[in-house]
>>> print(open('my_file.cif').read())   # mmCIF, C-alpha atoms
data_data
#
loop_
_atom_site.group_PDB
_atom_site.id
_atom_site.type_symbol
_atom_site.label_atom_id
_atom_site.label_comp_id
_atom_site.auth_asym_id
_atom_site.auth_seq_id
_atom_site.Cartn_x
_atom_site.Cartn_y
_atom_site.Cartn_z
ATOM 1 C CA MET A 158 -70.897 102.843 -84.105
ATOM 2 C CA LYS A 159 -69.967 101.186 -80.834
ATOM 3 C CA ARG A 160 -72.594 103.220 -78.994
ATOM 4 C CA ALA A 161 -75.286 102.042 -81.402
ATOM 5 C CA ALA A 162 -74.562 98.347 -80.801
ATOM 6 C CA PRO A 163 -76.821 97.896 -77.727
ATOM 7 C CA ARG A 164 -79.950 99.099 -79.576
ATOM 8 C CA PRO A 165 -81.038 95.691 -80.934
ATOM 9 C CA ALA A 166 -80.866 94.224 -77.413
ATOM 10 C CA ARG A 167 -83.134 96.959 -76.090
ATOM 11 C CA GLN A 168 -85.577 96.381 -78.937
ATOM 12 C CA THR A 169 -85.746 92.619 -78.449
ATOM 13 C CA SER A 170 -86.181 93.160 -74.720
ATOM 14 C CA HIS A 171 -89.729 94.335 -75.459
ATOM 15 C CA ARG A 172 -90.704 91.005 -76.968
ATOM 16 C CA VAL A 173 -92.858 89.064 -74.569
ATOM 17 C CA PRO A 174 -94.208 85.478 -74.556
ATOM 18 C CA ARG A 175 -97.759 86.531 -75.389
ATOM 19 C CA GLY A 176 -99.306 83.065 -75.320
ATOM 20 C CA ALA A 177 -97.805 82.172 -71.944
ATOM 21 C CA LEU A 178 -98.881 85.475 -70.401
ATOM 22 C CA ARG A 179 -102.441 85.242 -71.676
ATOM 23 C CA ALA A 180 -102.756 81.685 -70.413
ATOM 24 C CA ALA A 181 -101.367 82.535 -66.980
ATOM 25 C CA VAL A 182 -103.278 85.734 -66.168
ATOM 26 C CA PRO A 183 -106.520 84.060 -64.992
ATOM 27 C CA LEU A 184 -104.463 81.932 -62.611
ATOM 28 C CA LEU A 185 -102.431 84.906 -61.395
ATOM 29 C CA ARG A 186 -105.655 86.783 -60.706
ATOM 30 C CA GLU A 187 -106.887 83.918 -58.509
ATOM 31 C CA ILE A 188 -103.540 83.590 -56.740
ATOM 32 C CA GLY A 189 -103.659 87.306 -55.971
ATOM 33 C CA ASP A 190 -106.804 86.768 -53.937
ATOM 34 C CA LEU A 191 -104.654 85.049 -51.308
ATOM 35 C CA LYS A 192 -103.769 88.603 -50.259
ATOM 36 C CA ARG A 193 -107.333 88.866 -49.003
ATOM 37 C CA ILE A 194 -107.849 85.416 -47.482
ATOM 38 C CA ARG A 195 -107.356 84.845 -43.757
ATOM 39 C CA THR A 196 -108.036 82.009 -41.338
ATOM 40 C CA ALA A 197 -108.916 81.799 -37.652
ATOM 41 C CA ASP A 198 -105.401 80.986 -36.501
ATOM 42 C CA GLY A 199 -103.855 84.342 -37.426
ATOM 43 C CA THR A 200 -104.492 87.879 -38.594
ATOM 44 C CA ALA A 201 -102.041 87.855 -41.503
ATOM 45 C CA SER A 202 -103.286 87.119 -45.001
ATOM 46 C CA MET A 203 -102.340 83.817 -46.600
ATOM 47 C CA ALA A 204 -100.001 85.830 -48.841
ATOM 48 C CA GLU A 205 -98.249 87.474 -45.893
ATOM 49 C CA ARG A 206 -97.853 84.116 -44.165
ATOM 50 C CA ALA A 207 -96.194 82.709 -47.268
ATOM 51 C CA PHE A 208 -93.967 85.799 -47.527
ATOM 52 C CA LEU A 209 -92.781 85.355 -43.929
ATOM 53 C CA ARG A 210 -92.423 81.603 -44.407
ATOM 54 C CA SER A 211 -90.264 82.149 -47.487
ATOM 55 C CA TRP A 212 -87.886 84.519 -45.723
ATOM 56 C CA ALA A 213 -87.704 82.234 -42.681
ATOM 57 C CA ALA A 214 -86.731 79.304 -44.901
ATOM 58 C CA LEU A 215 -84.093 81.340 -46.731
ATOM 59 C CA VAL A 216 -82.391 82.598 -43.559
ATOM 60 C CA ARG A 217 -82.518 79.039 -42.223
ATOM 61 C CA GLY A 218 -80.332 78.067 -45.172
ATOM 62 C CA ALA A 219 -82.894 76.366 -47.403
ATOM 63 C CA ASP A 220 -82.061 76.173 -51.087
ATOM 64 C CA PRO A 221 -83.719 79.146 -52.874
ATOM 65 C CA GLY A 222 -84.778 76.958 -55.788
ATOM 66 C CA ARG A 223 -86.540 74.570 -53.449
ATOM 67 C CA VAL A 224 -88.211 77.453 -51.599
ATOM 68 C CA ALA A 225 -89.367 78.996 -54.889
ATOM 69 C CA VAL A 226 -90.944 75.788 -56.168
ATOM 70 C CA HIS A 227 -92.534 75.025 -52.794
ATOM 71 C CA GLU A 228 -94.124 78.467 -52.507
ATOM 72 C CA CYS A 229 -95.218 78.601 -56.139
ATOM 73 C CA ALA A 230 -96.901 75.218 -55.723
ATOM 74 C CA ALA A 231 -98.567 76.343 -52.496
ATOM 75 C CA ALA A 232 -99.864 79.470 -54.241
ATOM 76 C CA VAL A 233 -101.329 77.606 -57.213
ATOM 77 C CA VAL A 234 -102.945 75.030 -54.931
ATOM 78 C CA GLY A 235 -104.263 77.816 -52.702
ATOM 79 C CA ALA A 236 -105.913 79.608 -55.612
ATOM 80 C CA ARG A 237 -108.907 77.285 -55.132
ATOM 81 C CA LEU A 238 -108.301 75.754 -51.700
ATOM 82 C CA ALA A 239 -107.639 79.126 -50.019
ATOM 83 C CA GLY A 240 -106.612 78.423 -46.406
ATOM 84 C CA VAL A 241 -106.947 74.645 -46.737
ATOM 85 C CA ASP A 242 -103.296 73.697 -47.068
ATOM 86 C CA GLY A 243 -101.307 70.548 -46.363
ATOM 87 C CA PRO A 244 -100.870 71.077 -42.604
ATOM 88 C CA VAL A 245 -104.587 71.835 -42.222
ATOM 89 C CA LEU A 246 -105.522 68.661 -44.072
ATOM 90 C CA ARG A 247 -103.188 66.652 -41.854
ATOM 91 C CA ARG A 248 -104.696 68.192 -38.718
ATOM 92 C CA CYS A 249 -108.109 67.255 -40.062
ATOM 93 C CA GLY A 250 -107.077 63.597 -40.070
ATOM 94 C CA LEU A 251 -105.972 62.964 -43.660
ATOM 95 C CA THR A 252 -102.873 60.909 -44.283
ATOM 96 C CA ALA A 253 -100.020 62.467 -46.229
ATOM 97 C CA PRO A 254 -100.989 60.630 -49.463
ATOM 98 C CA GLU A 255 -104.646 61.660 -49.045
ATOM 99 C CA ALA A 256 -103.658 65.272 -48.460
ATOM 100 C CA ALA A 257 -101.355 65.204 -51.484
ATOM 101 C CA ALA A 258 -104.213 63.866 -53.622
ATOM 102 C CA VAL A 259 -106.444 66.777 -52.567
ATOM 103 C CA LEU A 260 -103.671 69.246 -53.375
ATOM 104 C CA ALA A 261 -103.153 67.562 -56.743
ATOM 105 C CA ARG A 262 -106.847 68.016 -57.577
ATOM 106 C CA SER A 263 -106.514 71.726 -56.893
ATOM 107 C CA LEU A 264 -103.328 71.984 -58.958
ATOM 108 C CA GLY A 265 -105.051 70.130 -61.788
ATOM 109 C CA GLN A 266 -107.643 72.905 -62.026
ATOM 110 C CA HIS A 267 -104.959 75.089 -63.625
ATOM 111 C CA ALA A 268 -103.065 72.580 -65.749
ATOM 112 C CA GLY A 269 -103.789 74.436 -68.998
ATOM 113 C CA ARG A 270 -102.501 77.748 -67.667
ATOM 114 C CA LEU A 271 -98.892 76.713 -67.062
ATOM 115 C CA ASP A 272 -96.174 75.278 -69.280
ATOM 116 C CA ALA A 273 -95.349 71.608 -68.888
ATOM 117 C CA VAL A 274 -91.945 72.172 -67.265
ATOM 118 C CA THR A 275 -93.320 74.488 -64.588
ATOM 119 C CA LEU A 276 -96.305 72.239 -63.950
ATOM 120 C CA GLY A 277 -93.974 69.276 -63.523
ATOM 121 C CA ARG A 278 -91.940 71.126 -60.899
ATOM 122 C CA LEU A 279 -95.081 72.016 -58.976
ATOM 123 C CA GLU A 280 -96.354 68.431 -59.064
ATOM 124 C CA GLU A 281 -93.078 67.193 -57.601
ATOM 125 C CA ALA A 282 -93.507 69.597 -54.658
ATOM 126 C CA LEU A 283 -96.948 68.272 -53.631
ATOM 127 C CA PRO A 284 -95.725 65.550 -51.226
ATOM 128 C CA ARG A 285 -93.743 68.188 -49.310
ATOM 129 C CA LEU A 286 -96.765 70.486 -49.242
ATOM 130 C CA ALA A 287 -98.857 67.684 -47.783
ATOM 131 C CA ALA A 288 -96.483 67.232 -44.842
ATOM 132 C CA ALA A 289 -97.045 69.173 -41.642
ATOM 133 C CA ASP A 290 -94.803 72.236 -41.361
ATOM 134 C CA LEU A 291 -92.707 71.740 -38.238
ATOM 135 C CA HIS A 292 -90.333 74.658 -38.787
ATOM 136 C CA THR A 293 -90.723 77.582 -36.407
ATOM 137 C CA THR A 294 -87.728 79.687 -37.450
ATOM 138 C CA PRO A 295 -88.765 83.349 -37.286
ATOM 139 C CA ALA A 296 -88.537 85.541 -40.360
ATOM 140 C CA PRO A 297 -86.168 88.539 -40.389
ATOM 141 C CA GLY A 298 -87.563 91.649 -38.731
ATOM 142 C CA PHE A 299 -87.766 93.535 -42.023
ATOM 143 C CA ALA A 300 -90.133 90.888 -43.425
ATOM 144 C CA ALA A 301 -92.598 91.481 -40.592
ATOM 145 C CA ASP A 302 -92.210 95.240 -41.107
ATOM 146 C CA LEU A 303 -93.034 94.879 -44.794
ATOM 147 C CA CYS A 304 -96.216 93.025 -43.850
ATOM 148 C CA GLY A 305 -97.145 96.000 -41.669
ATOM 149 C CA GLN A 306 -96.281 98.611 -44.299
ATOM 150 C CA PRO A 307 -99.258 99.507 -46.530
ATOM 151 C CA ARG A 308 -98.862 100.041 -50.256
ATOM 152 C CA ALA A 309 -99.605 103.525 -51.601
ATOM 153 C CA GLY A 310 -101.576 102.301 -54.594
ATOM 154 C CA ALA A 311 -101.874 104.404 -57.744
ATOM 155 C CA THR A 312 -100.377 107.898 -57.442
ATOM 156 C CA ARG A 313 -99.361 110.498 -59.996
ATOM 157 C CA PRO A 314 -97.203 113.587 -59.454
ATOM 158 C CA GLY A 315 -99.271 116.714 -59.075
ATOM 159 C CA ARG A 316 -102.505 114.892 -58.337
ATOM 160 C CA PRO A 317 -104.203 113.714 -55.128
ATOM 161 C CA ARG A 318 -103.867 110.009 -54.446
ATOM 162 C CA LEU A 319 -106.608 107.497 -55.205
ATOM 163 C CA MET A 320 -107.406 105.730 -51.938
ATOM 164 C CA VAL A 321 -108.686 102.147 -52.040
ATOM 165 C CA GLU A 322 -109.602 100.158 -48.954
ATOM 166 C CA PRO A 323 -108.248 97.985 -47.590
ATOM 167 C CA PRO A 324 -104.723 98.608 -48.909
ATOM 168 C CA GLU A 325 -102.490 95.641 -49.553
ATOM 169 C CA SER A 326 -99.242 95.357 -47.631
ATOM 170 C CA HIS A 327 -95.767 95.234 -49.079
ATOM 171 C CA GLY A 328 -95.588 91.653 -47.873
ATOM 172 C CA ASP A 329 -98.674 90.863 -49.970
ATOM 173 C CA HIS A 330 -97.248 92.546 -53.048
ATOM 174 C CA CYS A 331 -93.712 91.169 -52.789
ATOM 175 C CA TRP A 332 -95.056 87.668 -52.268
ATOM 176 C CA ALA A 333 -97.302 87.955 -55.328
ATOM 177 C CA VAL A 334 -94.469 89.266 -57.506
ATOM 178 C CA SER A 335 -92.150 86.492 -56.321
ATOM 179 C CA VAL A 336 -94.704 83.783 -57.090
ATOM 180 C CA TYR A 337 -95.777 85.285 -60.420
ATOM 181 C CA GLY A 338 -92.117 85.607 -61.388
ATOM 182 C CA GLY A 339 -91.425 82.006 -60.465
ATOM 183 C CA LEU A 340 -94.408 80.787 -62.480
ATOM 184 C CA LEU A 341 -93.501 82.916 -65.526
ATOM 185 C CA ALA A 342 -89.756 82.215 -65.378
ATOM 186 C CA GLU A 343 -89.779 79.369 -67.886
ATOM 187 C CA ALA A 344 -91.533 81.532 -70.478
ATOM 188 C CA PHE A 345 -88.743 84.107 -70.199
ATOM 189 C CA GLY A 346 -85.915 81.578 -70.075
ATOM 190 C CA ALA A 347 -85.134 82.561 -66.484
ATOM 191 C CA ASP A 348 -84.083 80.666 -63.396
ATOM 192 C CA PRO A 349 -87.275 80.427 -61.280
ATOM 193 C CA ALA A 350 -85.253 80.915 -58.096
ATOM 194 C CA ASP A 351 -83.742 84.173 -59.375
ATOM 195 C CA ALA A 352 -87.116 85.550 -60.442
ATOM 196 C CA PHE A 353 -88.625 84.487 -57.119
ATOM 197 C CA LEU A 354 -85.855 86.099 -55.068
ATOM 198 C CA LEU A 355 -86.069 89.355 -57.013
ATOM 199 C CA GLY A 356 -89.776 89.597 -56.320
ATOM 200 C CA LEU A 357 -89.313 88.758 -52.665
ATOM 201 C CA ALA A 358 -86.624 91.418 -52.098
ATOM 202 C CA HIS A 359 -87.469 94.301 -54.419
ATOM 203 C CA HIS A 360 -89.046 96.481 -51.709
ATOM 204 C CA LEU A 361 -86.565 95.929 -48.876
ATOM 205 C CA HIS A 362 -86.210 99.690 -48.423
ATOM 206 C CA ASN A 363 -89.923 100.021 -47.642
ATOM 207 C CA ALA A 364 -89.454 98.144 -44.390
ATOM 208 C CA VAL A 365 -88.349 101.568 -43.117
ATOM 209 C CA LEU A 366 -89.520 104.030 -45.793
ATOM 210 C CA PRO A 367 -93.319 104.420 -45.857
ATOM 211 C CA ASP A 368 -94.775 104.143 -49.341
ATOM 212 C CA ALA A 369 -95.836 107.480 -50.852
ATOM 213 C CA GLY A 370 -96.064 106.034 -54.343
ATOM 214 C CA PHE A 371 -94.630 107.430 -57.555
ATOM 215 C CA ALA A 372 -95.747 110.926 -56.569
ATOM 216 C CA GLY A 373 -93.789 110.733 -53.321
ATOM 217 C CA GLU A 374 -90.726 109.320 -55.064
ATOM 218 C CA GLU A 375 -90.736 112.273 -57.445
ATOM 219 C CA LEU A 376 -90.801 114.677 -54.486
ATOM 220 C CA LEU A 377 -87.874 112.884 -52.829
ATOM 221 C CA GLY A 378 -86.066 113.515 -56.093
ATOM 222 C CA GLU A 379 -82.291 113.314 -55.952
ATOM 223 C CA HIS A 380 -82.405 111.901 -52.400
ATOM 224 C CA LEU A 381 -84.303 108.740 -53.368
ATOM 225 C CA PRO A 382 -81.392 106.669 -54.795
ATOM 226 C CA GLY A 383 -79.245 107.253 -51.726
ATOM 227 C CA ILE A 384 -82.093 106.521 -49.318
ATOM 228 C CA THR A 385 -82.981 103.312 -51.141
ATOM 229 C CA ALA A 386 -79.370 102.105 -51.320
ATOM 230 C CA ARG A 387 -78.701 102.753 -47.633
ATOM 231 C CA LEU A 388 -81.877 101.015 -46.495
ATOM 232 C CA VAL A 389 -81.368 98.008 -48.765
ATOM 233 C CA ASP A 390 -77.777 97.613 -47.556
ATOM 234 C CA ARG A 391 -79.035 97.732 -43.972
ATOM 235 C CA GLN A 392 -81.497 94.891 -44.557
ATOM 236 C CA LEU A 393 -79.041 92.764 -46.543
ATOM 237 C CA ALA A 394 -76.507 93.082 -43.732
ATOM 238 C CA ALA A 395 -78.900 91.186 -41.462
ATOM 239 C CA LEU A 396 -78.929 88.156 -43.793
ATOM 240 C CA PRO A 397 -76.504 85.244 -44.152
ATOM 241 C CA GLY A 398 -73.581 86.189 -46.397
ATOM 242 C CA PRO A 399 -74.280 83.921 -49.401
ATOM 243 C CA LEU A 400 -77.959 84.902 -49.497
ATOM 244 C CA ALA A 401 -77.165 88.608 -49.147
ATOM 245 C CA SER A 402 -74.603 88.387 -51.942
ATOM 246 C CA ARG A 403 -77.000 86.658 -54.300
ATOM 247 C CA LEU A 404 -79.775 89.154 -53.561
ATOM 248 C CA ALA A 405 -77.431 92.113 -54.060
ATOM 249 C CA GLY A 406 -76.429 90.798 -57.464
ATOM 250 C CA LEU A 407 -80.027 90.237 -58.503
ATOM 251 C CA LEU A 408 -81.190 93.630 -57.268
ATOM 252 C CA ALA A 409 -78.483 95.248 -59.375
ATOM 253 C CA LEU A 410 -80.269 93.839 -62.445
ATOM 254 C CA ARG A 411 -83.627 95.286 -61.469
ATOM 255 C CA GLU A 412 -83.465 98.311 -63.772
ATOM 256 C CA GLU A 413 -82.729 96.153 -66.797
ATOM 257 C CA ALA A 414 -85.190 94.429 -69.098
ATOM 258 C CA VAL A 415 -82.610 92.239 -70.848
ATOM 259 C CA HIS A 416 -81.586 89.705 -68.201
ATOM 260 C CA PRO A 417 -84.122 86.814 -68.184
ATOM 261 C CA ALA A 418 -84.713 86.990 -64.426
ATOM 262 C CA ALA A 419 -85.249 90.752 -64.617
ATOM 263 C CA ARG A 420 -87.732 90.287 -67.469
ATOM 264 C CA ALA A 421 -89.709 87.700 -65.524
ATOM 265 C CA PHE A 422 -89.613 89.957 -62.457
ATOM 266 C CA HIS A 423 -90.797 93.070 -64.304
ATOM 267 C CA ALA A 424 -93.589 91.105 -65.988
ATOM 268 C CA ALA A 425 -94.691 89.834 -62.578
ATOM 269 C CA ASP A 426 -94.441 93.264 -60.969
ATOM 270 C CA VAL A 427 -96.501 95.138 -63.534
ATOM 271 C CA LEU A 428 -99.089 92.366 -63.709
ATOM 272 C CA ASP A 429 -99.561 92.384 -59.948
ATOM 273 C CA ARG A 430 -99.953 96.165 -59.825
ATOM 274 C CA VAL A 431 -102.569 96.159 -62.569
ATOM 275 C CA LEU A 432 -104.412 93.044 -61.361
ATOM 276 C CA GLN A 433 -104.623 94.629 -57.902
ATOM 277 C CA VAL A 434 -106.388 97.659 -59.395
ATOM 278 C CA HIS A 435 -108.708 95.371 -61.349
ATOM 279 C CA HIS A 436 -109.582 93.632 -58.084
ATOM 280 C CA HIS A 437 -110.733 96.894 -56.510
ATOM 281 C CA ALA A 438 -112.719 97.772 -59.626
ATOM 282 C CA ARG A 439 -114.469 94.390 -59.609
ATOM 283 C CA ALA A 440 -115.190 94.633 -55.901
ATOM 284 C CA ALA A 441 -116.761 98.061 -56.340
ATOM 285 C CA ALA A 442 -118.967 96.800 -59.185
ATOM 286 C CA PHE A 443 -120.038 93.537 -57.519
ATOM 287 C CA THR A 444 -123.745 92.669 -57.769
ATOM 288 C CA ALA A 445 -125.913 90.110 -56.004
ATOM 289 C CA GLU A 446 -126.733 88.549 -59.376
ATOM 290 C CA GLN A 447 -123.092 87.603 -59.808
ATOM 291 C CA ALA A 448 -123.204 85.554 -56.607
ATOM 292 C CA LEU A 449 -126.640 84.056 -57.249
ATOM 293 C CA ASP A 450 -126.326 83.303 -60.957
ATOM 294 C CA ASP A 451 -122.656 83.167 -61.904
ATOM 295 C CA LEU A 452 -121.270 81.663 -58.690
ATOM 296 C CA ASP A 453 -124.258 79.494 -57.741
ATOM 297 C CA LEU A 454 -124.514 80.873 -54.199
ATOM 298 C CA VAL A 455 -127.493 78.587 -53.578
ATOM 299 C CA HIS A 456 -125.648 75.572 -54.904
ATOM 300 C CA PRO A 457 -127.147 72.133 -55.582
ATOM 301 C CA CYS A 458 -127.497 70.079 -52.418
ATOM 302 C CA ALA A 459 -130.053 67.894 -50.621
ATOM 303 C CA VAL A 460 -132.094 70.926 -49.491
ATOM 304 C CA SER A 461 -131.460 73.391 -52.335
ATOM 305 C CA GLY A 462 -135.091 73.130 -53.446
ATOM 306 C CA PHE A 463 -136.220 74.262 -50.003
ATOM 307 C CA HIS A 464 -133.637 77.054 -50.036
ATOM 308 C CA ARG A 465 -135.026 78.402 -53.302
ATOM 309 C CA ALA A 466 -138.592 78.145 -52.049
ATOM 310 C CA VAL A 467 -137.669 80.205 -48.987
ATOM 311 C CA LEU A 468 -135.999 82.883 -51.125
ATOM 312 C CA THR A 469 -138.938 83.024 -53.511
ATOM 313 C CA ALA A 470 -141.468 83.315 -50.687
ATOM 314 C CA ALA A 471 -139.390 86.020 -49.032
ATOM 315 C CA GLU A 472 -138.864 87.818 -52.342
ATOM 316 C CA ALA A 473 -135.190 87.910 -51.459
ATOM 317 C CA THR A 474 -133.783 87.026 -54.867
#
>>> encode(input="my_file.cif", output="structure tokens")
Amino acid sequence: MKRAAPRPARQTSHRVPRGALRAAVPLLREIGDLKRIRTADGTASMAERAFLRSWAALVRGADPGRVAVHECAAAVVGARLAGVDGPVLRRCGLTAPEAAAVLARSLGQHAGRLDAVTLGRLEEALPRLAAADLHTTPAPGFAADLCGQPRAGATRPGRPRLMVEPPESHGDHCWAVSVYGGLLAEAFGADPADAFLLGLAHHLHNAVLPDAGFAGEELLGEHLPGITARLVDRQLAALPGPLASRLAGLLALREEAVHPAARAFHAADVLDRVLQVHHHARAAAFTAEQALDDLDLVHPCAVSGFHRAVLTAAEAT
């Protein structure tokens, strides 16, 4: 009878906040596009920059809860503003209040997709987002390595891999999972900082171990747990003690679907993997009509009539 006791917990662990997930997915899909957005001042994606920035802040001693809220707010704002962030707006001549107002307009685009508590946290972070980032602390070496390590994508034992180009990096993926987890934490009754940290750190071993996907993991077989544990311990040893201890405790929960932070993390992880595949499918099926009709490529402006006349005359529509 004692062995049967845990069964109800495992059953309830499959219950998910359906309404919150359905509301959030369109926003998560847009946030995921930050993996593919770059600006002239660097080669890293906006997602990779945020991943490195997060680790740099954590090793500098910043409070993980503050880092989580800051980066989640930056991600939601960036879903529509892309590379136009607070520091860019300040360099363009806007005052801090003006920059914060622009960021608030972008955040407001997604107000119906987040619960009130989470939205309130993000709103409180906007003044900090509007300030110029003066910190130059470098991220740990493993964080840069994760940004250079490509993801394997979908693989299945016994079958050739499905290659999609360009592959995302582990920095892209870990950042997305950390942000998604932070945004979904409230729905799972989790601490946003715990969910964020789990997402940020769940592929530490891949800073050294190239990603061969599920198929490769199956071939590594009995060696995989030992390899993963050794490599994770190596990366944690390079971090400040309190941070390393907290991450070690959280990573120990990763295989569970009962702890609230683990539930938020696993929801974020599986959503990012599937949304990434949907991105490649949409990109492969893209048509010119989608840009012209659905996205208003020739958008209303002072000379849009002339633009349309040119396209009609050239038979280019």
>>> atom_distance(input="my_file.cif", atom1="atom CA of A:Gly315", atom2="atom CA of A:Gly378")
13.9 Å
>>> closest_residue(input="my_file.cif", among="A:Ala425, A:Leu251, A:Leu355, A:Ala466", to="A:Val182", atoms="all atoms listed in the file")
A:Ala425
>>> closest_residue(input="my_file.cif", among="A:Gly218, A:Gly235, A:Gly250, A:Pro297", to="A:Ala394", atoms="all atoms listed in the file")
A:Pro297
>>> closest_atom_pairs(input="my_file.cif", of="stretch 271-340 of chain A", to="stretch 194-203 of chain A", cutoff="12 Å", atoms="all atoms listed in the file", output="tab-separated table")
residue	atom	partner	partner_atom	distance
A:Ala301	CA	A:Ala201	CA	10.2
A:Leu303	CA	A:Ala201	CA	11.9
A:Cys304	CA	A:Ala201	CA	8.1
A:Gly305	CA	A:Ala201	CA	9.5
A:Glu325	CA	A:Ser202	CA	9.7
A:Ser326	CA	A:Ser202	CA	9.5
A:His327	CA	A:Ser202	CA	11.8
A:Gly328	CA	A:Ser202	CA	9.4
A:Asp329	CA	A:Ser202	CA	7.7
A:His330	CA	A:Ser202	CA	11.4
A:Trp332	CA	A:Met203	CA	10.0
A:Ala333	CA	A:Met203	CA	10.9
>>> residues_around(input="my_file.cif", residues="A:Gly189", least_positions_apart="4", cutoff="8 Å", atoms="all atoms listed in the file", output="JSON, numbers by chain")
{"A": [185, 333, 429, 432, 433]}
>>> atom_distance(input="my_file.cif", atom1="atom CA of A:Glu446", atom2="atom CA of A:Glu187")
20.4 Å
>>> atom_distance(input="my_file.cif", atom1="atom CA of A:Ala405", atom2="atom CA of A:His359")
10.3 Å
>>> resolve_selection(input="my_file.cif", expression="the PyMOL selection byres ((chain A and resi 347) around 10)", output="MDAnalysis selection string")
chainID A and resid 338:339 341:346 348:352 416:422
>>> residues_around(input="my_file.cif", residues="A:Ala213", least_positions_apart="4", cutoff="10 Å", atoms="only C-alpha atoms", output="ChimeraX atom specification")
/A:207-209,217-219,292-297,300
>>> closest_residue(input="my_file.cif", among="A:Trp212, A:Asp426, A:His456, A:Asp451", to="A:Ala225", atoms="all atoms listed in the file")
A:Trp212
>>> residues_around(input="my_file.cif", residues="A:Ala258", least_positions_apart="6", cutoff="9 Å", atoms="only C-alpha atoms", output="NGL selection string")
:A and (283-284 or 287)
>>> residues_near_point(input="my_file.cif", point="(-132.0, 90.0, -52.9)", cutoff="7 Å", atoms="all atoms listed in the file", output="PyMOL selection string")
chain A and resi 445+473-474
>>> decode(input="my_file.cif", residues="stretch 389-440 of chain A", atoms="C-alpha atoms", output="PDB file, in the first residue's frame")
ATOM      1  CA  VAL A 389      27.407  19.854 -15.382  1.00  0.00           C
ATOM      2  CA  ASP A 390      29.555  19.676 -12.241  1.00  0.00           C
ATOM      3  CA  ARG A 391      32.435  21.198 -14.199  1.00  0.00           C
ATOM      4  CA  GLN A 392      30.348  24.188 -15.284  1.00  0.00           C
ATOM      5  CA  LEU A 393      28.765  24.713 -11.861  1.00  0.00           C
ATOM      6  CA  ALA A 394      32.219  24.758 -10.281  1.00  0.00           C
ATOM      7  CA  ALA A 395      33.000  27.912 -12.259  1.00  0.00           C
ATOM      8  CA  LEU A 396      30.060  29.789 -10.691  1.00  0.00           C
ATOM      9  CA  PRO A 397      29.734  31.608  -7.364  1.00  0.00           C
ATOM     10  CA  GLY A 398      28.892  29.169  -4.568  1.00  0.00           C
ATOM     11  CA  PRO A 399      25.330  30.303  -3.737  1.00  0.00           C
ATOM     12  CA  LEU A 400      24.321  30.382  -7.409  1.00  0.00           C
ATOM     13  CA  ALA A 401      25.890  26.983  -8.099  1.00  0.00           C
ATOM     14  CA  SER A 402      24.119  25.486  -5.091  1.00  0.00           C
ATOM     15  CA  ARG A 403      20.741  26.827  -6.135  1.00  0.00           C
ATOM     16  CA  LEU A 404      21.189  25.610  -9.712  1.00  0.00           C
ATOM     17  CA  ALA A 405      22.285  22.156  -8.543  1.00  0.00           C
ATOM     18  CA  GLY A 406      19.165  21.836  -6.426  1.00  0.00           C
ATOM     19  CA  LEU A 407      16.912  22.931  -9.266  1.00  0.00           C
ATOM     20  CA  LEU A 408      18.570  20.658 -11.811  1.00  0.00           C
ATOM     21  CA  ALA A 409      17.964  17.726  -9.482  1.00  0.00           C
ATOM     22  CA  LEU A 410      14.223  18.360  -9.933  1.00  0.00           C
ATOM     23  CA  ARG A 411      14.415  18.323 -13.713  1.00  0.00           C
ATOM     24  CA  GLU A 412      13.189  14.747 -14.159  1.00  0.00           C
ATOM     25  CA  GLU A 413      10.102  15.389 -12.061  1.00  0.00           C
ATOM     26  CA  ALA A 414       6.756  16.763 -13.177  1.00  0.00           C
ATOM     27  CA  VAL A 415       5.411  17.395  -9.669  1.00  0.00           C
ATOM     28  CA  HIS A 416       7.463  20.336  -8.398  1.00  0.00           C
ATOM     29  CA  PRO A 417       5.885  23.608  -9.662  1.00  0.00           C
ATOM     30  CA  ALA A 418       9.154  24.961 -11.072  1.00  0.00           C
ATOM     31  CA  ALA A 419       9.818  21.677 -12.872  1.00  0.00           C
ATOM     32  CA  ARG A 420       6.304  21.734 -14.343  1.00  0.00           C
ATOM     33  CA  ALA A 421       6.737  25.277 -15.625  1.00  0.00           C
ATOM     34  CA  PHE A 422      10.158  24.338 -17.013  1.00  0.00           C
ATOM     35  CA  HIS A 423       8.936  21.211 -18.810  1.00  0.00           C
ATOM     36  CA  ALA A 424       5.981  23.111 -20.273  1.00  0.00           C
ATOM     37  CA  ALA A 425       8.379  25.771 -21.551  1.00  0.00           C
ATOM     38  CA  ASP A 426      10.841  23.219 -22.907  1.00  0.00           C
ATOM     39  CA  VAL A 427       8.353  21.176 -24.899  1.00  0.00           C
ATOM     40  CA  LEU A 428       6.614  24.286 -26.211  1.00  0.00           C
ATOM     41  CA  ASP A 429       9.882  25.750 -27.457  1.00  0.00           C
ATOM     42  CA  ARG A 430      10.883  22.522 -29.201  1.00  0.00           C
ATOM     43  CA  VAL A 431       7.547  22.243 -30.981  1.00  0.00           C
ATOM     44  CA  LEU A 432       7.213  25.957 -31.793  1.00  0.00           C
ATOM     45  CA  GLN A 433      10.711  25.843 -33.301  1.00  0.00           C
ATOM     46  CA  VAL A 434       9.600  23.073 -35.672  1.00  0.00           C
ATOM     47  CA  HIS A 435       6.465  25.039 -36.533  1.00  0.00           C
ATOM     48  CA  HIS A 436       8.680  28.002 -37.404  1.00  0.00           C
ATOM     49  CA  HIS A 437      10.614  25.965 -39.962  1.00  0.00           C
ATOM     50  CA  ALA A 438       7.381  24.593 -41.409  1.00  0.00           C
ATOM     51  CA  ARG A 439       5.924  28.092 -41.783  1.00  0.00           C
ATOM     52  CA  ALA A 440       9.122  29.403 -43.324  1.00  0.00           C
TER      53      ALA A 440
END
